[in-house]
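**Q** One structure coming up, written as structure tokens, with questions to follow.
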Amino acid sequence: MRIKLLFLTLMTLFVLSSCNNKKDVTSGDDFSFFSEKFADLNILRYQVPGFDELTPQQQELIYYLSEATKCGRDILFDQNGKYNLAVRRTLENIYQTYNGEKSGEDWENFVVYLKRIWFSNGIYHHYASDKIMPEFSKEYFNTLVENSDQTLFPVKEGETVADLVKTLEPVMFDPNYLPKGVNLQEGVDIVQTSAVNFYEGITQKEVEKFYDNMEQPDPERPLSLGLNSRVYKENGVIKEDVYKLGGRYSEAIEKIIYWLEKAITVAENEQQKVGFEKLIEYYKTGCLKTWDDYNVIWVQDLESNVDYVNGFIETYGDPFSRKATWEAIVNFKNIEATKRTKIISENAQWFEDNSPIDPRFKKETVKGVSAKVITVAQLGGDCHPSTPIGINLPNADWIRRDYGSKSVTIENITYAYGKAAEGNGFLEEFTHEQDVIKRSKEYGSLAGNVHTDLHECLGHGSGQLLPGTSSEALKNYSSALEETRADLFALYYIMDDKVVELGIIPNKEAAKAEYDSYIRNGLMTQLTRIQPGKDIEQAHMRNRQTIANWSYENGKADNVIEKYIVDGKTYIKINDYDKLRQLFGKLLAEVQRIKSEGDYEAGKNLVETYGIKVDQELHKEVLERYAKLNIAPYSGFINPEIQMVEENGTKKVTISYPDDFATQMLNYSNNYSFLPTW
């Protein structure tokens, strides 16, 4: 199972306000973290404190890597659905060239629809994976098309704009046509019923057989088969279309390579330079052995201040949890904040040795665990506009076993979330006990960051597979179970005396704040993200409900967690934090066993029993209470603009903070869009 980015979308820590303009304590300047709100989304901004203190060479390196980050955007759109580029380019042409009245409800609904597609990198909701339905009619859409520049629509060769409209109308307006981006429903063919563009004309069983029949060159160091390819059937024969220069996505990959070659010229050290060269080789060949070689080099580069993620990495977007979406992040080290994660990583062996899991599943020697707090400078692909707050890579279990991993907490992003969330009333609405509210305000931010540190630095890297266990054994439940395992590790240890002794948290009250937040979110408040009548499908949400629900049910005899009603409102209360920690340890032991042994049936039963079904009455109540707060459940970010300018014959890198989402999205589409539409 590949280790996932932690898309722990601050619901466990913050829910975003739509109108806060707070003073930025990192720079002393007035700065509005909030940009705009539409549909169920907030658009925020983040700052890059410390950028001006970097050397000119480091700033130039960040510029080149940021350009590479923008060049892969079209790849993600196409991966998320084969019609996404056509829809986006059609709507963008209308937005920019429509010569009719740009006002009124229909036009506003059109603009919101386009913005939602920008945000989700396609027509499927970035979190729920349901098709985003326009709130304007097909007739209005035809009017928009007819009164826009006909020469700029993305028509196929030999076809007309009318043919384009005929193709796109069911894609956009028919809720039953390709309704789900990623379908994880039990009992259906999850490959054929998912609209993501990893498979064409092929069934789930055929995919399973195709990869089961592939031999691993070295079983001790298995390749991530299928990670960077699309599978399709041609004349009855199943084939792979590999993402590489000269292969699929070649036009965008060529541009990514161009900027990576620029980065080589200003690399901070030889290790980083060799890493760039190996990544370029991988993009040129698509060779998965080269990808592994690159990751070994990358994970051992601990000296560079500037760091990055770039490639086909995470498999959340594949219903089969095998194929990776493209993503990129550019960052540099937050020296002061890294002291916390350094303590954690230096004690990795103690945490492994004292884990409540079966000794058979423990690593005798924990290797290469490095952790740092970073300041992100640019987000791209599947990390933008919605972004992780923590990363643990590489994903290959054998690389983690033999060479270790890098873990990061993205503190300028969590800071932006926190500033935007101040005073929105969410905590007070869903928490009844005043001591819990007080504790959350005092320790919630720190506790959330420490949870992320433990989850990423140690949780994902803990434990080991038994010999002969396939990393793909848990199939479509692997993502949810892996996140469950890492969260349980963090929850179990944040309440440990050792964490206080090491100075990671000041006292057990901080740990209690995290327990309060996590259980409240898992049992109740994350339901704000689910539409009425729907089950939970997103992996992280399944993970959180699995943990909270299992703990609630298994702690009933001792009343560990209590649900109670005051004035018609449901609240969650933890009565025994120590017993709850014991429950976390017990479940961690079982989830680790499931992963180590590849016990698919047990993993499936756990997630299906506790992580998917929604209490509809509670859901209705939560949505009604939440609606009164007038806050959006999801958020994402506008990137800073990093540019190279020339002053008096000298190159200089500048950074600025745009505040208009549509302007940035059009800039990316107009200047960083390299793939053909069809």
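Identifiers for the structure tokens are assigned positionally: chains receive A, B, ... in sequence, residues are indexed from 1 per chain, and ligands are indexed from 1 in the order shown.
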For range 569-577 of chain A, list every protein, DNA or RNA residue within 7 Å, evaluated using only C-alpha atoms, and leave out those in the same chain fewer than 3 positions away; present the list as a CSV table (one decimal) with N, CA, C and O atoms, in the first residue's frame.

**A**
chain,number,residue,atom,x,y,z
A,430,PHE,N,-20.9,23.3,18.2
A,430,PHE,CA,-20.9,21.9,18.3
A,430,PHE,C,-20.2,21.4,19.5
A,430,PHE,O,-19.9,20.2,19.7
A,431,THR,N,-19.9,22.3,20.5
A,431,THR,CA,-19.3,21.8,21.7
A,431,THR,C,-20.1,22.5,22.9
A,431,THR,O,-20.3,23.7,22.9
A,432,HIS,N,-20.5,21.7,23.8
A,432,HIS,CA,-21.3,22.2,24.9
A,432,HIS,C,-20.5,22.5,26.2
A,432,HIS,O,-20.8,23.5,26.9
A,516,ASP,N,-10.7,15.4,21.8
A,516,ASP,CA,-12.0,16.1,21.7
A,516,ASP,C,-12.3,16.4,20.3
A,516,ASP,O,-13.4,16.1,19.7
A,520,ARG,N,-15.2,14.3,18.0
A,520,ARG,CA,-16.3,15.2,17.5
A,520,ARG,C,-16.4,15.2,16.0
A,520,ARG,O,-17.5,15.1,15.4
A,559,ASN,N,-18.9,3.6,28.9
A,559,ASN,CA,-19.3,4.9,28.6
A,559,ASN,C,-18.1,5.8,28.4
A,559,ASN,O,-18.0,7.0,28.8
A,560,VAL,N,-17.2,5.3,27.6
A,560,VAL,CA,-16.0,6.1,27.3
A,560,VAL,C,-16.3,7.4,26.5
A,560,VAL,O,-15.8,8.5,26.8
A,561,ILE,N,-17.2,7.2,25.5
A,561,ILE,CA,-17.6,8.4,24.7
A,561,ILE,C,-19.1,8.4,24.8
A,561,ILE,O,-19.8,7.4,24.7
A,562,GLU,N,-19.6,9.6,25.0
A,562,GLU,CA,-21.1,9.8,25.3
A,562,GLU,C,-21.7,10.7,24.3
A,562,GLU,O,-21.1,11.8,24.0
A,563,LYS,N,-22.8,10.3,23.7
A,563,LYS,CA,-23.6,11.2,22.9
A,563,LYS,C,-24.8,11.7,23.8
A,563,LYS,O,-25.5,10.9,24.4
A,564,TYR,N,-25.1,13.0,23.8
A,564,TYR,CA,-26.2,13.5,24.6
A,564,TYR,C,-26.8,14.7,23.9
A,564,TYR,O,-26.2,15.3,23.0
A,565,ILE,N,-28.0,15.0,24.3
A,565,ILE,CA,-28.8,16.1,23.7
A,565,ILE,C,-29.2,17.1,24.7
A,565,ILE,O,-29.6,16.9,25.8
A,566,VAL,N,-28.9,18.4,24.3
A,566,VAL,CA,-29.3,19.6,25.1
A,566,VAL,C,-30.1,20.5,24.2
A,566,VAL,O,-29.6,20.9,23.1
A,580,LEU,N,-10.0,5.7,26.3
A,580,LEU,CA,-10.1,5.9,24.9
A,580,LEU,C,-8.7,5.7,24.2
A,580,LEU,O,-8.6,5.1,23.2
A,581,ARG,N,-7.7,6.1,24.9
A,581,ARG,CA,-6.3,5.8,24.4
A,581,ARG,C,-6.1,4.3,24.3
A,581,ARG,O,-5.5,3.8,23.3

**Q** Tell me, as a ChimeraX atom specification, which residues lie within 6 Å of range 651-659 of chain A, counting only C-alpha atoms; anything in the same chain fewer than 5 positions away does not count.

**A** /A:35,640-646

**Q** Which residues are close to Glu234 in chain A, i.e. within 10 Å by only C-alpha atoms, leaving aside same-chain residues fewer than 2 positions away? Reply as JSON, numbers by chain.

**A** {"A": [200, 201, 202, 231, 232, 236, 237, 238, 239]}

**Q** Would you please work out which residue, of A:Ser321, A:Gln79, A:Gln96, A:Ser355, is nearest to Ser479 in chain A when using only C-alpha atoms?

**A**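 Nearest candidate to Ser479 in chain A out of A:Ser321, A:Gln79, A:Gln96, A:Ser355: A:Ser321.
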
**Q** If we count only C-alpha atoms and set the cut-off at 6 Å, which residues sit around range 176-188 of chain A, ignoring sequence neighbours fewer than 5 positions away in its own chain? Please answer as a PDB file with N, CA, C and O atoms, in the first residue's frame.

**A**
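Ended up saving to selection32.pdb:
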ATOM      1  N   TYR A 124     -15.728  16.915 -11.445  1.00  0.00           N
ATOM      2  CA  TYR A 124     -16.115  16.110 -10.290  1.00  0.00           C
ATOM      3  C   TYR A 124     -15.606  16.766  -9.009  1.00  0.00           C
ATOM      4  O   TYR A 124     -14.461  17.213  -8.935  1.00  0.00           O
ATOM      5  N   SER A 129     -16.389  13.598  -5.044  1.00  0.00           N
ATOM      6  CA  SER A 129     -16.256  12.895  -6.320  1.00  0.00           C
ATOM      7  C   SER A 129     -17.557  12.813  -7.114  1.00  0.00           C
ATOM      8  O   SER A 129     -17.627  12.109  -8.116  1.00  0.00           O
ATOM      9  N   ASP A 130     -18.599  13.514  -6.680  1.00  0.00           N
ATOM     10  CA  ASP A 130     -19.839  13.584  -7.441  1.00  0.00           C
ATOM     11  C   ASP A 130     -19.688  14.603  -8.575  1.00  0.00           C
ATOM     12  O   ASP A 130     -18.931  15.568  -8.469  1.00  0.00           O
ATOM     13  N   LYS A 131     -20.448  14.394  -9.634  1.00  0.00           N
ATOM     14  CA  LYS A 131     -20.417  15.345 -10.736  1.00  0.00           C
ATOM     15  C   LYS A 131     -20.954  16.697 -10.264  1.00  0.00           C
ATOM     16  O   LYS A 131     -21.979  16.778  -9.582  1.00  0.00           O
ATOM     17  N   SER A 194     -16.365   4.355 -12.599  1.00  0.00           N
ATOM     18  CA  SER A 194     -15.612   5.562 -12.257  1.00  0.00           C
ATOM     19  C   SER A 194     -15.221   6.289 -13.533  1.00  0.00           C
ATOM     20  O   SER A 194     -14.753   5.664 -14.492  1.00  0.00           O
ATOM     21  N   ALA A 195     -15.401   7.611 -13.533  1.00  0.00           N
ATOM     22  CA  ALA A 195     -15.151   8.393 -14.746  1.00  0.00           C
ATOM     23  C   ALA A 195     -13.711   8.862 -14.872  1.00  0.00           C
ATOM     24  O   ALA A 195     -13.349   9.455 -15.891  1.00  0.00           O
ATOM     25  N   VAL A 196     -12.884   8.619 -13.872  1.00  0.00           N
ATOM     26  CA  VAL A 196     -11.484   9.039 -13.975  1.00  0.00           C
ATOM     27  C   VAL A 196     -10.834   8.388 -15.185  1.00  0.00           C
ATOM     28  O   VAL A 196     -11.206   7.280 -15.596  1.00  0.00           O
ATOM     29  N   PRO A 319      -9.850   4.407  -8.338  1.00  0.00           N
ATOM     30  CA  PRO A 319     -10.684   3.540  -7.508  1.00  0.00           C
ATOM     31  C   PRO A 319      -9.972   2.254  -7.127  1.00  0.00           C
ATOM     32  O   PRO A 319     -10.293   1.644  -6.099  1.00  0.00           O
TER      33      PRO A 319
END

**Q** Enumerate as a CSV table (one decimal) with N, CA and C atoms, in the first residue's frame all residues of range 154-282 of chain A assigned to strand (DSSP E or B) by DSSP on the backbone, naming them with the chain letters and numbers the document uses.

**A**
chain,number,residue,atom,x,y,z
A,180,LYS,N,-19.9,9.7,-11.4
A,180,LYS,CA,-18.9,9.6,-10.3
A,180,LYS,C,-17.5,9.7,-10.9
A,199,TYR,N,-8.6,4.3,-17.1
A,199,TYR,CA,-9.0,3.1,-17.8
A,199,TYR,C,-9.9,3.4,-18.9
A,200,GLU,N,-9.9,2.6,-20.0
A,200,GLU,CA,-10.8,2.8,-21.1
A,200,GLU,C,-11.2,1.4,-21.7
A,229,SER,N,0.6,5.2,-15.7
A,229,SER,CA,0.1,4.8,-17.0
A,229,SER,C,-1.4,4.7,-17.0
A,230,ARG,N,-1.9,4.8,-18.2
A,230,ARG,CA,-3.3,4.6,-18.5
A,230,ARG,C,-3.5,3.2,-19.2
A,231,VAL,N,-4.5,2.4,-18.8
A,231,VAL,CA,-4.7,1.1,-19.3
A,231,VAL,C,-5.9,1.1,-20.2
A,232,TYR,N,-5.8,0.6,-21.4
A,232,TYR,CA,-6.9,0.6,-22.3
A,232,TYR,C,-6.9,-0.7,-23.1
A,233,LYS,N,-8.0,-1.0,-23.8
A,233,LYS,CA,-8.1,-2.2,-24.6
A,233,LYS,C,-8.2,-1.8,-26.1
A,234,GLU,N,-7.4,-2.5,-26.9
A,234,GLU,CA,-7.4,-2.2,-28.3
A,234,GLU,C,-7.4,-3.5,-29.0
A,237,VAL,N,-6.9,-6.5,-26.9
A,237,VAL,CA,-5.7,-6.6,-26.2
A,237,VAL,C,-5.5,-5.5,-25.2
A,238,ILE,N,-5.2,-5.8,-24.0
A,238,ILE,CA,-5.0,-4.7,-22.9
A,238,ILE,C,-3.6,-4.2,-23.1
A,239,LYS,N,-3.5,-2.8,-23.1
A,239,LYS,CA,-2.2,-2.1,-23.3
A,239,LYS,C,-2.1,-1.0,-22.2
A,240,GLU,N,-0.9,-0.6,-22.0
A,240,GLU,CA,-0.6,0.5,-21.1
A,240,GLU,C,0.0,1.7,-22.0
A,241,ASP,N,-0.6,2.9,-21.7
A,241,ASP,CA,-0.1,4.1,-22.3
A,241,ASP,C,0.7,4.8,-21.2
A,242,VAL,N,2.0,4.8,-21.3
A,242,VAL,CA,2.9,5.3,-20.2
A,242,VAL,C,3.0,6.8,-20.3
A,243,TYR,N,3.0,7.5,-19.1
A,243,TYR,CA,3.3,8.9,-19.0
A,243,TYR,C,4.8,9.2,-19.1
A,248,ARG,N,2.3,9.4,-23.4
A,248,ARG,CA,1.1,10.2,-22.9
A,248,ARG,C,1.6,11.4,-22.1

**Q** Using only C-alpha atoms for the distances, tell me which of A:Gly603, A:Gly404, A:Gly585, A:Pro676 is nearest to Leu488 in chain A.

**A**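 Checking each candidate against Leu488 in chain A, we get A:Gly585 as the closest.
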
**Q** Quick one: everything within 7 Å of range 543-553 of chain A, counting only C-alpha atoms, minus sequence neighbours fewer than 4 positions away in the same chain. Send it as a list of chain:residue names.

**A** A:Ala480, A:Leu481, A:Glu483, A:Thr484, A:Ile519, A:Gly522, A:Leu523, A:Ala539, A:Ile561, A:Leu583, A:Val607, A:Tyr610, A:Gly611

**Q** With range 470-476 of chain A as the partner and 10 Å as the cut-off, tabulate the residues of range 203-254 of chain A that qualify, each row holding the nearest pair of atoms and their distance in Å to one decimal, using only C-alpha atoms, sorted by chain and rising number, as a Markdown table.

**A**
| residue | atom | partner | partner_atom | distance |
| --- | --- | --- | --- | --- |
| A:Glu208 | CA | A:Lys475 | CA | 9.5 |
| A:Asp212 | CA | A:Glu472 | CA | 9.9 |
| A:Pro219 | CA | A:Ser470 | CA | 9.5 |
| A:Pro222 | CA | A:Ser471 | CA | 8.9 |
| A:Ser224 | CA | A:Ser471 | CA | 9.2 |
| A:Leu225 | CA | A:Glu472 | CA | 10.0 |

**Q** Can you list, as JSON, numbers by chain, every protein, DNA or RNA residue that comes within 12 Å of Glu346 in chain A when you count only C-alpha atoms, leaving out same-chain residues fewer than 6 positions away?

**A** {"A": [339, 340, 352, 366, 367, 368, 369, 370, 371, 372, 457, 458, 502]}
